[in-house]
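Novice: Okay, handing you the structure first.
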Amino acid sequence: MAGATMAHGDPHHLGGMDEAGAAHSGPAPKRIVTGYGFWIFILSDMIMFAAFFATYAVLLGQTAGGPGGRELFDLRNVAIETGFLLASSFTCGLATIAADMRRTLWFQVAMAVTCVLGLAFLTIEFREFASLVARGAGPTRSAFLSAFFTLVGCHGLHVSAGILWLLTMMAQVFAKGFRADIQRRILCFALFWHALDIIWVAVFTVVYLLGSAT
């Protein structure tokens with residue numbers, strides 16, 4: 001009788017929701033906290049790169065009488081390094097699938113290929129920077145080059161950090177297998193790596209393609 005009275009008095013079962021909320025009160029599970037925290041990190045990183053892009057756009061024409069993008073950029077090499085990074089995103093996705101399926105060998109192979117492609121990307125970028133400095137177009141030559149080295153170099157530092165993270169994940173899976181906490185770290189790494197690819201597509205378009213046309 002009391003249950004019927006409660007049902008008529010609470011047609012939307014709000015009391016049941018309160019009881020469920022009370023039953024699940026307390027700190028959120030670690031996987032939820034980790035997920036929210038990592039998304040905040042990714043968004044803050046995007047905001048930082050957005051500020052770098054805005055700075056580059058403002059300083060694009062500030063060459064101080066020196067060379068601009070048309071004279072400096074080699075689109076062939078940039079296209080090659082872009083291909084390496086996009087391919088690494090594909091192999092990173094394969095590694096994530098292998099981790100979900102608990103396939104250790106395929107995970108390690110896919111991550112190793114991702115690492116090699118990332119290192120190839122960094123090698124081309126480092127050679128580009130060294131060539132620019134050797135030609136007298138270092139970051140102190142003009143405001144345009146300062147903005148260029150800051151934006152592209154910051155992305156390169158992120159890729160370097162991602163490779164160290166990748167190697168750490170390979171070692172942890174080798175030593176401990178696919179534990180729940182390691183699975184979360186692999187997923188966070190994959191999100192980070194794909195975000196770097198998205199940022200690089202913007203760099204390739206805004207810095208190199210548009211810069212070579214002006």
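Here's how to read the names in the structure tokens: chain A, B, ... by the order shown, residue numbers from 1 in each chain, ligand numbers from 1 in the order shown.
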Can you pull out the residues contacting Thr82 in chain A? Cut-off 9 Å, using only C-alpha atoms, and skip same-chain residues under 2 positions away; I want them as a PyMOL selection string.
Specialist: chain A and resi 77-80+84-87+121+197+200-201+204
Novice: Which of these residues is nearest to Gly61 in chain A, using only C-alpha atoms: A:Leu209, A:Met111, A:Ala147, A:Met46?
Specialist: A:Ala147
Novice: Write out as a tab-separated table the residues of range 110-145 of chain A that have any atom within 10 Å of an atom of range 151-161 of chain A, one row each with the nearest atom pair and its distance in Å to one decimal, counting only C-alpha atoms, sorted by chain and then rising number.
Specialist:
residue	atom	partner	partner_atom	distance
A:Cys115	CA	A:Ser160	CA	9.9
A:Gly118	CA	A:Val159	CA	7.1
A:Leu119	CA	A:Ser160	CA	8.1
A:Phe121	CA	A:Gly156	CA	8.8
A:Leu122	CA	A:Gly156	CA	6.6
A:Glu125	CA	A:Gly156	CA	7.7
A:Phe126	CA	A:Gly156	CA	8.8
A:Phe129	CA	A:Gly153	CA	8.8
A:Leu145	CA	A:Leu151	CA	9.8
Novice: Between CA of Val113 in chain A and CA of Leu191 in chain A, measure the distance and give it in Å to one decimal.
Specialist: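 Calculated distance between CA of Val113 in chain A and CA of Leu191 in chain A is 17.4 Å.
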Novice: Per DSSP on the backbone, what are the alpha helix (DSSP H) residues of range 24-157 of chain A, as JSON, numbers by chain?
Specialist: {"A": [30, 31, 32, 33, 34, 35, 36, 37, 38, 39, 40, 41, 42, 43, 44, 45, 46, 47, 48, 49, 50, 51, 52, 53, 54, 55, 56, 57, 58, 59, 69, 70, 71, 72, 75, 76, 77, 78, 79, 80, 81, 82, 83, 84, 85, 86, 87, 88, 89, 90, 91, 92, 93, 94, 95, 96, 97, 98, 99, 100, 104, 105, 106, 107, 108, 109, 110, 111, 112, 113, 114, 115, 116, 117, 118, 119, 120, 121, 122, 123, 124, 125, 126, 127, 128, 129, 130, 131, 132, 133, 134, 143, 144, 145, 146, 147, 148, 149, 150, 151, 152, 153, 154, 155, 156, 157]}
Novice: So that I can see what lies close to range 138-144 of chain A, please list as a list in words the residues with an atom at most 6 Å from it, counting only C-alpha atoms and leaving out residues fewer than 6 positions away in the same chain.
Specialist: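 Using only C-alpha atoms, the neighbours found are Leu59, Leu60, Gln62, Thr63 and Ala64 of chain A.
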Novice: Could the residues in this selection be written to a file with N, CA, C and O atoms, as a PDB file, in the first residue's frame?
Specialist:
ATOM      1  N   LEU A  59      52.339  37.770 -37.462  1.00  0.00           N
ATOM      2  CA  LEU A  59      53.742  38.063 -37.785  1.00  0.00           C
ATOM      3  C   LEU A  59      54.169  37.523 -39.146  1.00  0.00           C
ATOM      4  O   LEU A  59      55.351  37.586 -39.484  1.00  0.00           O
ATOM      5  N   LEU A  60      53.234  37.004 -39.918  1.00  0.00           N
ATOM      6  CA  LEU A  60      53.575  36.355 -41.188  1.00  0.00           C
ATOM      7  C   LEU A  60      54.356  37.270 -42.124  1.00  0.00           C
ATOM      8  O   LEU A  60      55.305  36.841 -42.782  1.00  0.00           O
ATOM      9  N   GLN A  62      56.115  39.931 -41.226  1.00  0.00           N
ATOM     10  CA  GLN A  62      57.191  40.655 -40.542  1.00  0.00           C
ATOM     11  C   GLN A  62      58.536  39.958 -40.765  1.00  0.00           C
ATOM     12  O   GLN A  62      59.105  39.350 -39.864  1.00  0.00           O
ATOM     13  N   THR A  63      59.043  40.067 -41.988  1.00  0.00           N
ATOM     14  CA  THR A  63      60.288  39.364 -42.344  1.00  0.00           C
ATOM     15  C   THR A  63      61.537  40.215 -42.132  1.00  0.00           C
ATOM     16  O   THR A  63      62.649  39.723 -42.324  1.00  0.00           O
ATOM     17  N   ALA A  64      61.373  41.501 -41.785  1.00  0.00           N
ATOM     18  CA  ALA A  64      62.514  42.408 -41.554  1.00  0.00           C
ATOM     19  C   ALA A  64      63.452  42.440 -42.760  1.00  0.00           C
ATOM     20  O   ALA A  64      64.675  42.504 -42.614  1.00  0.00           O
TER      21      ALA A  64
END
Novice: For the interface of range 118-183 of chain A with range 101-106 of chain A (cut-off 10 Å, counting only C-alpha atoms), please tabulate each contacting residue of range 118-183 of chain A alongside its nearest pair of atoms and their separation in Å to one decimal, rows sorted by chain and increasing number, as JSON lines.
Specialist:
{"residue": "A:Met170", "atom": "CA", "partner": "A:Thr104", "partner_atom": "CA", "distance": 9.5}
{"residue": "A:Val173", "atom": "CA", "partner": "A:Thr104", "partner_atom": "CA", "distance": 7.5}
{"residue": "A:Phe174", "atom": "CA", "partner": "A:Thr104", "partner_atom": "CA", "distance": 7.8}
{"residue": "A:Gly177", "atom": "CA", "partner": "A:Thr104", "partner_atom": "CA", "distance": 7.7}
{"residue": "A:Phe178", "atom": "CA", "partner": "A:Arg102", "partner_atom": "CA", "distance": 6.7}
{"residue": "A:Arg179", "atom": "CA", "partner": "A:Arg102", "partner_atom": "CA", "distance": 9.9}
{"residue": "A:Gln183", "atom": "CA", "partner": "A:Arg102", "partner_atom": "CA", "distance": 9.9}
Novice: Calculate how many Å separate CA of Thr205 in chain A from CA of Gly83 in chain A, rounding to one decimal.
Specialist: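 About the pair CA of Thr205 in chain A and CA of Gly83 in chain A: they are 13.6 Å apart.
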